[in-house]
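Q: Starting off with a structure, shown below.
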Amino acid sequence: METIPKKQIAILGSTGSIGTQSLEVLAANDSLFEVYALTANNNIDLLIQQARKFNPEMVAIGNESHYNQLKDALSDLPIKVFAGIDSIAQIAEMQPIDIVLTAMVGYSGLKPTMNAIKAGKKIALANKETLVVAGELICELATENNAAILPVDSEHSAIFQCLAGEGNNPIEKLILTASGGPFRTKSMHELENVTVAQALKHPNWDMGAKITIDSASLMNKGFEIIEAKWLFGVSPDQIQVVVHPQSIIHSMVQFSDGSIKAQLGMPDMKLPIQYAFTYPDRLKTNFPRFDFDLCNQFTFEKPDMERFRNLGFAYYAMDKGGNMPCILNAANEIVVEAFLKEKIGFLQMSDIIETVMAKADFVAKPTYDDYVRTDELVRVLTTELIAP
Ligand code: MN
């Protein structure tokens with residue numbers, strides 16, 4: 001009997017929320033998939049535990065000060081151990097790997113994703129900041145190297161699923177749903193004083209700290225608009241955001257005959273993760289099913305761009321193009337960090353981002369080096385504005 005070789009998977013950012021859920025999906029389908037490489041930035045204890053369970057060919061830790069501890073902890077196993085940001089980018093291009101799942105936080109995902117694309121890997125993209133920062137560059141590279149980019153973000157997976165079987169039927173409009181986050185019904189005055197703990201309490205999705213704050217400020221939705229533009233090749237005026245607090249419709253596509261297709265399900269990231277791994281096939285799961293008897297209404301609202309200014313910033317950055325989305329992302333990473341450390345208030349995040357977007361040097365046709373420079377300079381500029 002002939003056996004089908006198992007797909008070799010690299011998980012970049014294996015200790016985060018998407019990383020751990022990806023490993024659950026792979027463990028449940030271990031006749032089809034094998035973990036080839038695991039990487040993390042800082043969470044050494046969980047990385048050791050994952051390496052001992054999944055026995056990958058190699059592991060890497062971004063923070064080099066953890067190298068000896070990681071090496072010692074795995075010394076009885078034939079696992080190759082690396083440390084440093086560069087090693088993560090190098091692992092992404094290893095020959096035996098079939099699919100690279102990119103689940104690092106923020107800008108750090110850019111270089112490894114570029115390497116994986118250049119090596120022709122299938123990309124299961126969970127790191128949306130990569131497309132926000134350098135969408136044009138990434139899409140050009142993917143076309144040149146014939147590398148497929150499969151969305152893991154639930155909204156984009158929903159759109160991708162709606163497009164299955166549609167051939168070349170043009171998209172008239174993408175309708176991205178948003179839960180509205182924990183502050184959907186808060187007044188401007190209430191938003192002035194919301195706490196970090198309140199912002200970290202997302203009504204429907206259980207995620208890492210950075211993306212949870214981005215969800216509360218709607219920056220996450222702003223990034224997703226930019227992500228959708230690049231993934232599906234549509235123009236900004238073809239992307240509409242609709243607030244749908246139940247988070248059951250994950251997004252929709254409207255076609256040229258006016259027909260709208262939607263993808264629905266329980267809010268569970270394991271589904272889009274698995275679909276990216278198994279596309280175009282669907283594998284049986286025992287995930288909880290949506291029950292129409294328990295949820296008797298879906299509601300929809302227009303997003304409020306006055307309370308949630310980040311959404312407008314994202315549309316502006318997308319229209320402006322060049323390095324403006326990179327400026328937006330770098331400023332956002334710094335203000336989110338400052339908010340989490342209680343150095344600035346919730347509304348100040350948008351105030352500072354707006355100032356940075358006006359002040360930072362604009363580059364109309366950025367190269368990779370321009371993105372690197374923009375990211376560095378904007379981080380410095382934003383940090384100065386926070387602590388003058
Ligand atoms: Mn999403």
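Lettering and numbering for the structure tokens are positional, with chains as A, B, ... in the shown order, residues counted from 1 in each chain, and ligands counted from 1 in the shown order.
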Show me which residues are within 8 Å of ligand 1 counting only C-alpha atoms and all ligand atoms, and format the list as a PyMOL selection string.
A: chain A and resi 153-156+220-221+224
Q: Would you list the contacts of Pro151 in chain A as a PyMOL selection string, taking every protein, DNA or RNA residue within 7 Å and counting only C-alpha atoms, but skipping same-chain residues closer than 2 positions in sequence?
A: chain A and resi 124-126+149+153+156-157+276
Q: Would you kindly return, as a ChimeraX atom specification, each protein, DNA or RNA residue with an atom no farther than 12 Å from any atom of Pro280 in chain A, considering only C-alpha atoms and excluding same-chain residues fewer than 2 positions away?
A: /A:150,157,160-161,163-165,274-278,282-283
Q: Can you list, as a PyMOL selection string, every residue of range 237-346 of chain A that DSSP puts in strand (DSSP E)?
A: chain A and resi 239-243+249-255+260-264
Q: Between A:Pro366, A:Gly208, A:Gly312, A:Gly222, which one has atoms that come closest to Ala103 in chain A, using only C-alpha atoms?
A: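 Looking at the shortest contact to Ala103 in chain A, the residue is A:Gly208.
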Q: Report as a count of residues only all protein, DNA and RNA residues lying within 9 Å of range 213-217 of chain A, evaluated on only C-alpha atoms, omitting residues in the same chain fewer than 3 positions from it.
A: 29
Q: Give me the residues within 12 Å of Ser31 in chain A as a PyMOL selection string, counting only C-alpha atoms and dropping any in the same chain fewer than 4 places off.
A: chain A and resi 3-8+25-27+35
Q: Suppose we keep N, CA and C atoms; can you now write the selection as a tab-separated table (two decimals), in the first residue's frame?
A:
```tsv
chain	number	residue	atom	x	y	z
A	3	THR	N	1.60	5.00	0.87
A	3	THR	CA	1.15	5.99	1.85
A	3	THR	C	1.46	7.39	1.35
A	4	ILE	N	0.59	8.30	1.64
A	4	ILE	CA	0.80	9.70	1.26
A	4	ILE	C	1.75	10.32	2.28
A	5	PRO	N	2.82	10.96	1.78
A	5	PRO	CA	3.73	11.57	2.76
A	5	PRO	C	3.02	12.67	3.55
A	6	LYS	N	3.37	12.76	4.82
A	6	LYS	CA	2.74	13.79	5.65
A	6	LYS	C	3.25	15.17	5.26
A	7	LYS	N	2.33	16.14	5.30
A	7	LYS	CA	2.72	17.53	5.04
A	7	LYS	C	3.59	18.03	6.19
A	8	GLN	N	4.70	18.68	5.85
A	8	GLN	CA	5.61	19.20	6.87
A	8	GLN	C	5.25	20.66	7.18
A	25	VAL	N	-4.88	21.58	16.19
A	25	VAL	CA	-5.40	21.11	14.90
A	25	VAL	C	-4.48	20.04	14.32
A	26	LEU	N	-3.17	20.27	14.38
A	26	LEU	CA	-2.21	19.31	13.82
A	26	LEU	C	-2.22	18.00	14.61
A	27	ALA	N	-2.32	18.11	15.93
A	27	ALA	CA	-2.34	16.90	16.78
A	27	ALA	C	-3.57	16.05	16.47
A	35	VAL	N	4.87	18.19	12.44
A	35	VAL	CA	5.45	19.47	12.81
A	35	VAL	C	6.94	19.43	12.51
```
Q: Just want the 8 Å neighbourhood of Asn193 in chain A, counted on only C-alpha atoms, with same-chain residues fewer than 3 positions away dropped. Output as a PyMOL selection string.
A: chain A and resi 189-190+345-346
Q: Just write the chosen residues, all heavy atoms, as a CSV table (one decimal), in the first residue's frame.
A:
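See out_31.csv below for the written result:
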```csv
chain,number,residue,atom,x,y,z
A,189,HIS,N,-17.1,59.9,26.2
A,189,HIS,CA,-16.7,60.3,27.5
A,189,HIS,C,-16.3,59.0,28.3
A,189,HIS,O,-15.3,59.0,29.0
A,189,HIS,CB,-17.9,61.0,28.2
A,189,HIS,CG,-17.6,61.4,29.6
A,189,HIS,ND1,-16.6,62.3,29.9
A,189,HIS,CD2,-18.0,60.9,30.8
A,189,HIS,CE1,-16.5,62.5,31.2
A,189,HIS,NE2,-17.3,61.6,31.8
A,190,GLU,N,-17.1,57.9,28.2
A,190,GLU,CA,-16.7,56.7,28.9
A,190,GLU,C,-15.4,56.1,28.4
A,190,GLU,O,-14.6,55.5,29.1
A,190,GLU,CB,-17.8,55.7,28.7
A,190,GLU,CG,-19.1,56.0,29.5
A,190,GLU,CD,-20.3,55.1,29.2
A,190,GLU,OE1,-20.6,54.9,28.0
A,190,GLU,OE2,-20.8,54.5,30.1
A,345,GLY,N,-3.8,56.8,28.0
A,345,GLY,CA,-5.2,56.3,28.0
A,345,GLY,C,-5.7,55.8,26.7
A,345,GLY,O,-4.9,55.9,25.7
A,346,PHE,N,-6.9,55.2,26.7
A,346,PHE,CA,-7.4,54.5,25.5
A,346,PHE,C,-7.5,55.5,24.3
A,346,PHE,O,-7.0,55.1,23.2
A,346,PHE,CB,-8.7,53.9,25.8
A,346,PHE,CG,-9.3,53.1,24.7
A,346,PHE,CD1,-8.8,51.8,24.5
A,346,PHE,CD2,-10.3,53.6,23.9
A,346,PHE,CE1,-9.4,51.0,23.5
A,346,PHE,CE2,-10.9,52.8,22.9
A,346,PHE,CZ,-10.4,51.5,22.7
```
